[in-house]
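Notes follow once the structure below has been shown.
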Amino acid sequence: MTPATKTLPGYAEQAVGGLRHLGHVLGLGPAFHASAAETMSVLFGGWGHRSTRGPAESGQPNAPAPFEYSLVLSGDRVDVRLFYRPLAAAGPTTAEVSWDAARRTLAELERRGLAHLHRAQDLGDLFRPRSPQATFGTCLAASAGERGIARVKVYYDTFAAGTGHHQELIGDALNRLGHGPAWTWVRHHDPAGVAALMPAVFALDLQESADARVKFYTTVHEHSAAELAARASALSDAAGRAAADFVERMAVEGSAALAGAGRRPTLCWSMTSRRPDRPADATLYLPSNLYAPSTKDITSRLRTALAPNLFRRVERLVSQCAETAPDDGPGNPFHWVGTKLLRNEPLTFYLSAAAVEAARSAFPTRAAAGPHDTSR
C-alpha cells in the first residue's frame, strides 16, 4: 500500500466530512453536523472502512468513491442526499455482493422505522442478480438531515437477468406494483423512450405514502427543445413547455445544446398510487457542466433560479469547487441538474464526492472535520 493510500479516510469518514462541509457552507446548522456520523454508520455499515472499491485499486488512491451527493433546492431550503452503491466488506464487489449488502442495510433501516419494504419485497425475485451481464446489483439513496436519515430509495439493476430482459423486468415490476396501466401508457405514448431505456435503473421510494414513486429512466435523443417538448407533451402541454423552458434556462446555448456531442439528457417517468393509469410526473435531467461549463455560466443560472439567500449559499459552494477543480475540468461542479415537469420546483443538482472532498481539503473548517478528528 502506498503512503498516499494510507492517508485516505475510509468512505464513511470521507462522507461524514463531506456532509459536514456541505452543512457548513450551506448553513444547515449544528444539528445537521451532529447527525452526520450516525447517518453514515447506518448507510455504510459493514464496509464504510474501505478506501478503495476493490483490490485492483490498492495503488489508485484517486479512484472514484462509490457515492455522490445531490442538493435539492427549493425556496430557502436545501435537502442533502447521498446516492451510493454498497460495497463488499473486503475484496471485490460483484452485483450479487452489492445486492446482499443493500438488503442488510435496508433491513436495518426498516428496523429503525426509516424504510417500508413491503413493495421492495414483492420485487426481490425479479431483480436479484443472476446473469453475468448484471451491472451493479443494487444502489441506495437517502436524505441526510438534521434528524438523520429520511426519504430512502432503492435502485435496482434491470440487467439482473441479462441485457435482453430489461424491458420485460420493468414491465413485470410495474404490473406487480399495480402500475401496469401506466406502463401501457408509456409504451403507447413514449415508444422512443421505451426503446432507449437508460441502462439498468428501476427505482422505488421506500416511504409509506400515496406519493411514494416508482421510477424508470429513458435517454433523450431529441436534438432540439421543440422535439423534446413534443415528447414530454404526451404527459401534458404544461410538461412539454416546462421541458423546453428548462433547456433554455439551464444551457448556455439553449436548444442548440441538445444537438451537441457528449452525455445525453435523461427523462424519468414516475408513477404513484394516486394515478395508476399513467405517470404522475416526469423529471428531466440535463448534463449541467456540459451545457453550462464555466463558473460564470452556472452562477448566472443559479442566480435566476434560486431565492437570493439560497443563491448566496450555493454560490459559495460553487466558488470553492471551481477553485479546486482540475485544470482541465469544468468550473461548474454539478454534473447533472434535474427538475420535475409538472411540479417544476425544486431543482436538484448532483456533484461528486471528489469535488466536495477537494473543497473540504482546500477550505478546512472545524465543522467539517472527520469523525475521528480529536482537535475539536
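Identifiers in the C-alpha cells: chain A, B, ... in order shown; residue index from 1 per chain; ligand index from 1 in order shown.
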
| query | Which neighbours of segment 13-20 of chain A fall inside 10 Å, counting only C-alpha atoms, when residues of the same chain fewer than 6 positions from it are skipped, and could you give them as a PyMOL selection string? | reply | chain A and resi 26+28-30+32-41+44+48-51+65+67-69+80-82+144-145+353-361+364-372

| said: Based on the backbone DSSP call, show me all residues of segment 233-321 of chain A assigned alpha helix (DSSP H), as a ChimeraX atom specification. | reply: /A:237-250,288-291,295-305,308-321

| query | Within 7 Å of Leu284 of chain A, counting only C-alpha atoms, which residues qualify if same-chain residues fewer than 2 places away don't, as an MDAnalysis selection string? | reply | chainID A and resid 243 266:268 282 286 338:340

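Between Gly91 of chain A and the residues A:Ala196, A:Leu73, A:Leu204, A:Trp47, the shortest atom-to-atom distance, using only C-alpha atoms, involves A:Trp47.
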
| Residue neighbourhood Leu109 of chain A, 12 Å, only C-alpha atoms, exclusion window fewer than 5 positions, as a list of chain:residue names |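 The neighbour list is A:Thr39, A:Ser41, A:Val42, A:Leu43, A:Phe44, A:Gly45, A:Ala102, A:Arg103, A:Arg104, A:Leu114, A:Ala115, A:His116, A:Leu117, A:Leu140, A:Ala141, A:Ala142, A:Gly148, A:Ile149, A:Ala150, A:Arg151, A:Val152, A:Lys153, A:Val154, A:Leu206, A:Gln207.
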
| request: Write out as a list in words which residues come within 6 Å of segment 157-164 of chain A when counting only C-alpha atoms, dropping same-chain ones fewer than 3 positions away. | output: Phe127, Pro129, Arg130, Ser131, Gln133, Ala134, Gly137, Ala200 and Val201 of chain A

Atoms to include: N, CA, C and O atoms. Write the selected residues as a PDB file, in the first residue's frame.
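And here is the file that came out, selection_37.pdb:
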ATOM      1  N   PHE A 127     -35.326  -8.799  -9.444  1.00  0.00           N
ATOM      2  CA  PHE A 127     -34.105  -8.013  -9.586  1.00  0.00           C
ATOM      3  C   PHE A 127     -32.882  -8.635  -8.903  1.00  0.00           C
ATOM      4  O   PHE A 127     -31.815  -8.034  -8.926  1.00  0.00           O
ATOM      5  N   PRO A 129     -29.618 -10.365  -8.848  1.00  0.00           N
ATOM      6  CA  PRO A 129     -28.666 -10.604  -9.948  1.00  0.00           C
ATOM      7  C   PRO A 129     -28.477 -12.101 -10.201  1.00  0.00           C
ATOM      8  O   PRO A 129     -28.219 -12.861  -9.276  1.00  0.00           O
ATOM      9  N   ARG A 130     -28.629 -12.490 -11.464  1.00  0.00           N
ATOM     10  CA  ARG A 130     -28.484 -13.897 -11.829  1.00  0.00           C
ATOM     11  C   ARG A 130     -27.883 -14.064 -13.214  1.00  0.00           C
ATOM     12  O   ARG A 130     -27.955 -15.138 -13.803  1.00  0.00           O
ATOM     13  N   SER A 131     -27.305 -12.993 -13.736  1.00  0.00           N
ATOM     14  CA  SER A 131     -26.671 -13.036 -15.045  1.00  0.00           C
ATOM     15  C   SER A 131     -25.300 -12.377 -14.953  1.00  0.00           C
ATOM     16  O   SER A 131     -25.123 -11.400 -14.208  1.00  0.00           O
ATOM     17  N   GLN A 133     -24.235 -10.453 -16.970  1.00  0.00           N
ATOM     18  CA  GLN A 133     -24.422  -9.110 -17.509  1.00  0.00           C
ATOM     19  C   GLN A 133     -24.999  -8.135 -16.493  1.00  0.00           C
ATOM     20  O   GLN A 133     -25.110  -6.942 -16.785  1.00  0.00           O
ATOM     21  N   ALA A 134     -25.366  -8.605 -15.314  1.00  0.00           N
ATOM     22  CA  ALA A 134     -25.816  -7.697 -14.261  1.00  0.00           C
ATOM     23  C   ALA A 134     -24.716  -6.680 -13.985  1.00  0.00           C
ATOM     24  O   ALA A 134     -23.543  -7.042 -13.870  1.00  0.00           O
ATOM     25  N   GLY A 137     -26.081  -4.575  -9.297  1.00  0.00           N
ATOM     26  CA  GLY A 137     -26.807  -5.223  -8.212  1.00  0.00           C
ATOM     27  C   GLY A 137     -27.868  -4.339  -7.624  1.00  0.00           C
ATOM     28  O   GLY A 137     -29.038  -4.403  -8.005  1.00  0.00           O
ATOM     29  N   ALA A 200     -30.184  -0.119 -17.012  1.00  0.00           N
ATOM     30  CA  ALA A 200     -30.085  -0.777 -15.713  1.00  0.00           C
ATOM     31  C   ALA A 200     -30.578   0.010 -14.516  1.00  0.00           C
ATOM     32  O   ALA A 200     -30.029  -0.134 -13.441  1.00  0.00           O
ATOM     33  N   VAL A 201     -31.632   0.801 -14.620  1.00  0.00           N
ATOM     34  CA  VAL A 201     -32.098   1.527 -13.438  1.00  0.00           C
ATOM     35  C   VAL A 201     -33.620   1.460 -13.324  1.00  0.00           C
ATOM     36  O   VAL A 201     -34.338   1.866 -14.233  1.00  0.00           O
TER      37      VAL A 201
END

| message | Could you pull out the strand (DSSP E) residues of segment 120-339 of chain A, going by DSSP on the backbone, and write them as number ranges by chain? | response | A: 138-145, 148-156, 197-205, 214-219, 266-271, 281-286, 334-339

Within 12 Å of Pro191 of chain A, counting only C-alpha atoms, which residues show up once you throw out same-chain ones fewer than 3 positions away? Write them as a tab-separated table (two decimals) with N, CA and C atoms, in the first residue's frame, please.
chain	number	residue	atom	x	y	z
A	167	GLN	N	-36.50	-4.65	-20.46
A	167	GLN	CA	-37.86	-4.17	-20.66
A	167	GLN	C	-38.88	-5.09	-19.99
A	183	TRP	N	-47.55	1.58	-17.37
A	183	TRP	CA	-46.57	1.00	-18.28
A	183	TRP	C	-47.16	0.91	-19.70
A	184	THR	N	-48.40	0.53	-19.80
A	184	THR	CA	-49.07	0.51	-21.11
A	184	THR	C	-49.12	1.91	-21.70
A	185	TRP	N	-49.40	2.90	-20.86
A	185	TRP	CA	-49.44	4.30	-21.31
A	185	TRP	C	-48.08	4.73	-21.85
A	186	VAL	N	-47.02	4.43	-21.11
A	186	VAL	CA	-45.69	4.85	-21.55
A	186	VAL	C	-45.32	4.16	-22.86
A	187	ARG	N	-45.57	2.88	-22.97
A	187	ARG	CA	-45.24	2.18	-24.21
A	187	ARG	C	-45.99	2.75	-25.40
A	188	HIS	N	-47.22	3.22	-25.16
A	188	HIS	CA	-48.00	3.80	-26.26
A	188	HIS	C	-47.57	5.23	-26.57
A	194	VAL	N	-39.09	3.96	-24.45
A	194	VAL	CA	-39.05	2.54	-24.11
A	194	VAL	C	-37.95	1.85	-24.90
A	195	ALA	N	-37.73	2.31	-26.13
A	195	ALA	CA	-36.66	1.72	-26.95
A	195	ALA	C	-35.28	2.17	-26.50
A	196	ALA	N	-35.21	3.23	-25.70
A	196	ALA	CA	-33.91	3.77	-25.26
A	196	ALA	C	-33.90	3.91	-23.74
A	197	LEU	N	-34.31	2.83	-23.07
A	197	LEU	CA	-34.28	2.86	-21.61
A	197	LEU	C	-32.85	3.10	-21.13
A	218	THR	N	-35.20	7.02	-19.10
A	218	THR	CA	-35.00	6.85	-20.54
A	218	THR	C	-34.03	7.92	-21.04
A	219	THR	N	-33.35	7.61	-22.12
A	219	THR	CA	-32.38	8.55	-22.69
A	219	THR	C	-33.08	9.51	-23.65
A	231	ARG	N	-42.19	15.44	-27.18
A	231	ARG	CA	-42.19	14.15	-26.50
A	231	ARG	C	-42.80	14.26	-25.10
A	234	ALA	N	-46.73	14.47	-24.26
A	234	ALA	CA	-47.60	13.31	-24.09
A	234	ALA	C	-48.16	13.27	-22.67
